[in-house]
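**Student:** Sharing entry.csv (CSV, C-alpha atoms) below.
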```
chain,number,residue,atom,x,y,z
A,269,MET,CA,38.1,50.9,125.5
A,270,ILE,CA,41.5,49.5,126.2
A,271,GLU,CA,42.9,49.9,129.6
A,272,PHE,CA,46.5,49.7,130.6
A,273,ASP,CA,47.6,48.5,133.9
A,274,GLU,CA,50.9,50.2,133.5
A,275,GLU,CA,51.9,53.5,132.0
A,276,PRO,CA,53.5,53.2,128.5
A,277,PRO,CA,57.3,53.7,128.7
A,278,ARG,CA,58.4,57.3,128.2
A,279,ARG,CA,61.0,58.0,125.5
A,280,GLN,CA,64.3,59.3,126.9
A,281,PHE,CA,65.1,62.6,125.2
A,282,GLU,CA,68.7,62.8,124.1
A,283,THR,CA,70.6,65.8,125.1
A,284,LEU,CA,71.5,68.1,122.2
A,285,VAL,CA,74.2,70.0,124.1
A,286,PRO,CA,77.1,68.0,122.7
A,287,LEU,CA,75.8,68.5,119.1
A,288,ILE,CA,75.4,72.2,119.7
A,289,ASN,CA,78.9,72.4,121.1
A,290,VAL,CA,80.3,70.7,118.0
A,291,VAL,CA,78.4,73.0,115.6
A,292,PHE,CA,79.7,76.1,117.4
A,293,LEU,CA,83.3,74.8,117.4
A,294,LEU,CA,83.1,74.2,113.7
A,295,LEU,CA,81.6,77.6,113.2
A,296,ILE,CA,84.5,79.2,115.1
A,297,PHE,CA,87.0,77.1,113.3
A,298,PHE,CA,85.8,78.2,109.8
A,299,LEU,CA,85.6,81.8,110.9
A,300,LEU,CA,89.2,81.8,112.1
A,301,ALA,CA,90.6,79.5,109.3
A,302,GLY,CA,89.0,81.4,106.4
A,303,THR,CA,91.1,84.0,104.7
A,304,MET,CA,89.6,87.4,104.4
A,305,THR,CA,91.1,89.7,101.8
A,306,PRO,CA,91.4,93.3,102.6
A,307,ALA,CA,89.1,95.6,100.7
A,308,GLU,CA,90.6,97.5,97.8
A,309,ASN,CA,90.5,101.3,97.9
A,310,VAL,CA,89.5,101.5,94.3
A,311,ALA,CA,87.0,99.1,92.7
A,312,VAL,CA,88.0,98.0,89.2
A,313,SER,CA,86.6,95.3,86.9
A,314,LEU,CA,89.4,93.3,85.4
A,315,PRO,CA,89.4,92.0,81.9
A,316,GLU,CA,89.2,88.2,81.3
A,317,GLY,CA,92.4,86.3,80.6
A,318,THR,CA,94.0,82.9,80.8
A,319,LEU,CA,95.3,81.4,84.0
A,320,ASN,CA,99.0,81.8,84.7
A,321,ASP,CA,100.0,80.5,88.2
A,322,ARG,CA,103.7,81.0,87.8
A,323,GLU,CA,103.7,84.5,89.4
A,324,GLN,CA,102.2,84.1,92.9
A,325,ASP,CA,103.4,87.3,94.8
A,326,VAL,CA,104.1,90.6,93.2
A,327,PRO,CA,105.4,93.2,95.6
A,328,THR,CA,104.1,96.4,93.9
A,329,THR,CA,100.6,96.7,92.5
A,330,LEU,CA,99.5,99.7,90.4
A,331,ILE,CA,95.7,100.1,89.9
A,332,VAL,CA,94.5,101.9,86.8
A,333,GLU,CA,90.9,103.2,87.0
A,334,ALA,CA,88.4,103.5,84.2
A,335,ASP,CA,89.2,107.2,83.9
A,336,GLY,CA,92.9,106.6,83.4
A,337,PHE,CA,94.2,107.7,86.9
A,338,VAL,CA,96.8,105.4,88.5
A,339,TRP,CA,96.9,104.4,92.1
A,340,LEU,CA,100.1,103.4,93.9
A,341,GLY,CA,99.0,102.5,97.4
A,342,GLU,CA,97.2,105.5,98.8
A,343,ARG,CA,98.6,107.9,96.1
A,344,VAL,CA,96.7,108.7,93.0
A,345,MET,CA,98.4,110.2,89.9
A,346,ASP,CA,98.1,110.8,86.2
A,347,ALA,CA,99.5,108.0,84.0
A,348,LYS,CA,102.0,110.5,82.4
A,349,LEU,CA,103.5,111.4,85.8
A,350,SER,CA,103.6,107.9,87.2
A,351,GLY,CA,107.1,107.0,86.1
A,352,ALA,CA,108.9,109.2,88.6
A,353,MET,CA,106.6,108.2,91.5
A,354,VAL,CA,107.1,104.5,90.7
A,355,GLU,CA,110.8,104.9,90.4
A,356,LYS,CA,111.0,106.4,93.9
A,357,HIS,CA,108.8,103.7,95.3
A,358,LEU,CA,110.8,100.9,93.7
A,359,LYS,CA,114.0,102.4,95.1
A,360,ASP,CA,112.4,102.5,98.6
A,361,THR,CA,111.1,98.9,98.4
A,362,ASN,CA,114.2,97.6,96.5
A,363,THR,CA,112.2,95.7,93.9
A,364,LYS,CA,112.1,95.5,90.1
A,365,ARG,CA,108.7,93.7,89.7
A,366,VAL,CA,105.3,95.4,89.2
A,367,ALA,CA,101.8,94.3,88.7
A,368,ILE,CA,99.2,96.4,86.8
A,369,LYS,CA,95.6,95.9,87.8
A,370,ALA,CA,93.8,97.9,85.0
A,371,ASP,CA,90.1,98.4,84.7
A,372,ALA,CA,88.6,96.7,81.6
A,373,ASP,CA,87.3,100.1,80.6
A,374,ALA,CA,90.6,102.0,81.2
A,375,PRO,CA,91.9,103.8,78.2
A,376,ALA,CA,94.7,101.9,76.4
A,377,GLU,CA,96.7,105.2,76.1
A,378,ALA,CA,96.9,105.5,79.9
A,379,VAL,CA,98.1,101.9,80.3
A,380,LEU,CA,100.7,102.4,77.6
A,381,GLN,CA,101.9,105.6,79.2
A,382,LEU,CA,102.1,103.8,82.5
A,383,MET,CA,104.1,100.9,80.9
A,384,GLU,CA,106.4,103.4,79.2
A,385,GLY,CA,107.0,105.1,82.6
A,386,LEU,CA,107.7,101.8,84.1
A,387,ARG,CA,110.3,101.0,81.4
A,388,GLU,CA,112.0,104.3,82.0
A,389,ALA,CA,112.0,103.7,85.8
A,390,GLY,CA,113.9,100.4,85.3
A,391,VAL,CA,111.2,97.9,86.0
A,392,GLU,CA,112.4,94.4,84.9
A,393,GLN,CA,109.1,92.5,85.0
A,394,VAL,CA,105.5,93.7,84.5
A,395,THR,CA,102.5,91.4,85.3
A,396,ILE,CA,99.1,92.5,84.0
A,397,MET,CA,96.4,91.0,86.2
A,398,THR,CA,93.2,89.7,84.6
A,399,GLU,CA,90.0,87.8,85.7
A,400,ARG,CA,89.9,84.1,85.0
A,401,GLY,CA,88.0,83.5,81.7
A,402,SER,CA,85.2,81.0,81.4
```
Will you turn the file into structure tokens for me?

**Tutor:**
Amino acid sequence: MIEFDEEPPRRQFETLVPLINVVFLLLIFFLLAGTMTPAENVAVSLPEGTLNDREQDVPTTLIVEADGFVWLGERVMDAKLSGAMVEKHLKDTNTKRVAIKADADAPAEAVLQLMEGLREAGVEQVTIMTERGS
């Protein structure tokens, strides 16, 4: 048996407090710096399309559900009646640009009626929003 006259040297434990502080600071930074998009009132699945980054901000967004109803903010309406409501909203917001976010299963007739109402309301530019294709 081997006998030691002296005790073997003890290993100094490094403190982990600075490392934990850095990890928590990074966590807080990413929580605050990350962008969180507000939840939509109506869930729609967009059709796929090609990427067009020219149009970044569109002031007025119309959402067309799969059953053909159109949402303008918190208001829901039939596609046939949407022209007058959109015309009033455009006068209030003083804009001539509109984006349509139509469900992929939305009837084409409802989208066409909506676009006809937009034309009659004096909309100058319509952007149809799509999902990025693969």

**Student:** For each of A:Ala367, A:Ala378, A:Val354, A:Leu299, take the minimum atom-to-atom distance to Thr395 of chain A, counting all atoms listed in the file, then give the residue where this is smallest.

**Tutor:** A:Ala367

**Student:** So that I can see what lies close to segment 389-392 of chain A, please list as an MDAnalysis selection string the residues with an atom at most 10 Å from it, counting all atoms listed in the file and leaving out residues fewer than 4 positions away in the same chain.

**Tutor:** chainID A and resid 350:356 358:359 363:366 383:385

**Student:** In Å to one decimal, how far is atom CA of Ala334 of chain A from atom CA of Ala372 of chain A?

**Tutor:** 7.3 Å

**Student:** Near Asn309 of chain A, counting only C-alpha atoms, which residues have an atom at most 10 Å away, once you skip same-chain residues fewer than 4 positions from it, shown as a PyMOL selection string?

**Tutor:** chain A and resi 331+339+341-342

**Student:** Report, in Å to a single decimal, how far apart atom CA of Val312 of chain A and atom CA of Asp371 of chain A are.

**Tutor:**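 Taking atom CA of Asp371 of chain A as the start and atom CA of Val312 of chain A as the end point, the length is 5.0 Å.
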
**Student:** Using Å and a single decimal, report how far atom CA of Asn362 of chain A sits from atom CA of Glu333 of chain A.

**Tutor:**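 About the pair atom CA of Glu333 of chain A and atom CA of Asn362 of chain A: they are 25.8 Å apart.
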
**Student:** Using all atoms listed in the file, which of A:Ala301, A:Val344, A:Leu349, A:Leu314 sits nearest Leu330 of chain A?

**Tutor:**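 Of A:Ala301, A:Val344, A:Leu349, A:Leu314, the one nearest Leu330 of chain A, counting all atoms listed in the file, is A:Val344.
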
**Student:** Please supply segment 369-396 of chain A, rebuilt with N, CA and C atoms, as a PDB file, in the frame of the given file.

**Tutor:**
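And here is the file that came out, rebuild-v3.pdb:
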```pdb
ATOM      1  N   LYS A 369      96.980  96.370  87.611  1.00  0.00           N
ATOM      2  CA  LYS A 369      95.600  95.900  87.800  1.00  0.00           C
ATOM      3  C   LYS A 369      94.743  97.020  87.102  1.00  0.00           C
ATOM      4  N   ALA A 370      94.506  96.878  85.804  1.00  0.00           N
ATOM      5  CA  ALA A 370      93.800  97.900  85.000  1.00  0.00           C
ATOM      6  C   ALA A 370      92.345  97.541  84.861  1.00  0.00           C
ATOM      7  N   ASP A 371      91.486  98.543  84.975  1.00  0.00           N
ATOM      8  CA  ASP A 371      90.100  98.400  84.700  1.00  0.00           C
ATOM      9  C   ASP A 371      89.874  97.979  83.265  1.00  0.00           C
ATOM     10  N   ALA A 372      88.875  97.137  82.984  1.00  0.00           N
ATOM     11  CA  ALA A 372      88.600  96.700  81.600  1.00  0.00           C
ATOM     12  C   ALA A 372      88.240  97.908  80.734  1.00  0.00           C
ATOM     13  N   ASP A 373      87.690  98.960  81.319  1.00  0.00           N
ATOM     14  CA  ASP A 373      87.300 100.100  80.600  1.00  0.00           C
ATOM     15  C   ASP A 373      88.348 101.243  80.601  1.00  0.00           C
ATOM     16  N   ALA A 374      89.523 100.958  81.146  1.00  0.00           N
ATOM     17  CA  ALA A 374      90.600 102.000  81.200  1.00  0.00           C
ATOM     18  C   ALA A 374      91.092 102.241  79.796  1.00  0.00           C
ATOM     19  N   PRO A 375      91.402 103.502  79.504  1.00  0.00           N
ATOM     20  CA  PRO A 375      91.900 103.800  78.200  1.00  0.00           C
ATOM     21  C   PRO A 375      93.271 103.152  77.934  1.00  0.00           C
ATOM     22  N   ALA A 376      93.444 102.588  76.754  1.00  0.00           N
ATOM     23  CA  ALA A 376      94.700 101.900  76.400  1.00  0.00           C
ATOM     24  C   ALA A 376      95.862 102.890  76.456  1.00  0.00           C
ATOM     25  N   GLU A 377      95.607 104.155  76.122  1.00  0.00           N
ATOM     26  CA  GLU A 377      96.700 105.200  76.100  1.00  0.00           C
ATOM     27  C   GLU A 377      97.249 105.343  77.534  1.00  0.00           C
ATOM     28  N   ALA A 378      96.386 105.319  78.561  1.00  0.00           N
ATOM     29  CA  ALA A 378      96.900 105.500  79.900  1.00  0.00           C
ATOM     30  C   ALA A 378      97.715 104.278  80.341  1.00  0.00           C
ATOM     31  N   VAL A 379      97.302 103.082  79.954  1.00  0.00           N
ATOM     32  CA  VAL A 379      98.100 101.900  80.300  1.00  0.00           C
ATOM     33  C   VAL A 379      99.416 101.889  79.583  1.00  0.00           C
ATOM     34  N   LEU A 380      99.421 102.312  78.304  1.00  0.00           N
ATOM     35  CA  LEU A 380     100.700 102.400  77.600  1.00  0.00           C
ATOM     36  C   LEU A 380     101.614 103.433  78.138  1.00  0.00           C
ATOM     37  N   GLN A 381     101.067 104.586  78.536  1.00  0.00           N
ATOM     38  CA  GLN A 381     101.900 105.600  79.200  1.00  0.00           C
ATOM     39  C   GLN A 381     102.474 105.099  80.487  1.00  0.00           C
ATOM     40  N   LEU A 382     101.668 104.369  81.235  1.00  0.00           N
ATOM     41  CA  LEU A 382     102.100 103.800  82.500  1.00  0.00           C
ATOM     42  C   LEU A 382     103.274 102.795  82.220  1.00  0.00           C
ATOM     43  N   MET A 383     103.100 101.931  81.234  1.00  0.00           N
ATOM     44  CA  MET A 383     104.100 100.900  80.900  1.00  0.00           C
ATOM     45  C   MET A 383     105.402 101.603  80.407  1.00  0.00           C
ATOM     46  N   GLU A 384     105.273 102.687  79.651  1.00  0.00           N
ATOM     47  CA  GLU A 384     106.400 103.400  79.200  1.00  0.00           C
ATOM     48  C   GLU A 384     107.194 104.030  80.391  1.00  0.00           C
ATOM     49  N   GLY A 385     106.429 104.597  81.351  1.00  0.00           N
ATOM     50  CA  GLY A 385     107.000 105.100  82.600  1.00  0.00           C
ATOM     51  C   GLY A 385     107.725 104.060  83.384  1.00  0.00           C
ATOM     52  N   LEU A 386     107.136 102.865  83.409  1.00  0.00           N
ATOM     53  CA  LEU A 386     107.700 101.800  84.100  1.00  0.00           C
ATOM     54  C   LEU A 386     109.060 101.329  83.488  1.00  0.00           C
ATOM     55  N   ARG A 387     109.071 101.313  82.168  1.00  0.00           N
ATOM     56  CA  ARG A 387     110.300 101.000  81.400  1.00  0.00           C
ATOM     57  C   ARG A 387     111.406 101.971  81.745  1.00  0.00           C
ATOM     58  N   GLU A 388     111.041 103.248  81.742  1.00  0.00           N
ATOM     59  CA  GLU A 388     112.000 104.300  82.000  1.00  0.00           C
ATOM     60  C   GLU A 388     112.481 104.243  83.491  1.00  0.00           C
ATOM     61  N   ALA A 389     111.604 103.767  84.379  1.00  0.00           N
ATOM     62  CA  ALA A 389     112.000 103.700  85.800  1.00  0.00           C
ATOM     63  C   ALA A 389     112.851 102.465  86.088  1.00  0.00           C
ATOM     64  N   GLY A 390     113.039 101.578  85.119  1.00  0.00           N
ATOM     65  CA  GLY A 390     113.900 100.400  85.300  1.00  0.00           C
ATOM     66  C   GLY A 390     113.243  99.173  85.790  1.00  0.00           C
ATOM     67  N   VAL A 391     111.935  99.074  85.584  1.00  0.00           N
ATOM     68  CA  VAL A 391     111.200  97.900  86.000  1.00  0.00           C
ATOM     69  C   VAL A 391     111.610  96.722  85.063  1.00  0.00           C
ATOM     70  N   GLU A 392     111.933  95.577  85.650  1.00  0.00           N
ATOM     71  CA  GLU A 392     112.400  94.400  84.900  1.00  0.00           C
ATOM     72  C   GLU A 392     111.234  93.492  84.485  1.00  0.00           C
ATOM     73  N   GLN A 393     110.181  93.434  85.298  1.00  0.00           N
ATOM     74  CA  GLN A 393     109.100  92.500  85.000  1.00  0.00           C
ATOM     75  C   GLN A 393     107.773  93.179  85.332  1.00  0.00           C
ATOM     76  N   VAL A 394     106.829  93.135  84.372  1.00  0.00           N
ATOM     77  CA  VAL A 394     105.500  93.700  84.500  1.00  0.00           C
ATOM     78  C   VAL A 394     104.481  92.565  84.371  1.00  0.00           C
ATOM     79  N   THR A 395     103.590  92.421  85.337  1.00  0.00           N
ATOM     80  CA  THR A 395     102.500  91.400  85.300  1.00  0.00           C
ATOM     81  C   THR A 395     101.201  92.171  85.146  1.00  0.00           C
ATOM     82  N   ILE A 396     100.410  91.835  84.124  1.00  0.00           N
ATOM     83  CA  ILE A 396      99.100  92.500  84.000  1.00  0.00           C
ATOM     84  C   ILE A 396      98.067  91.472  84.528  1.00  0.00           C
TER      85      ILE A 396
END
```
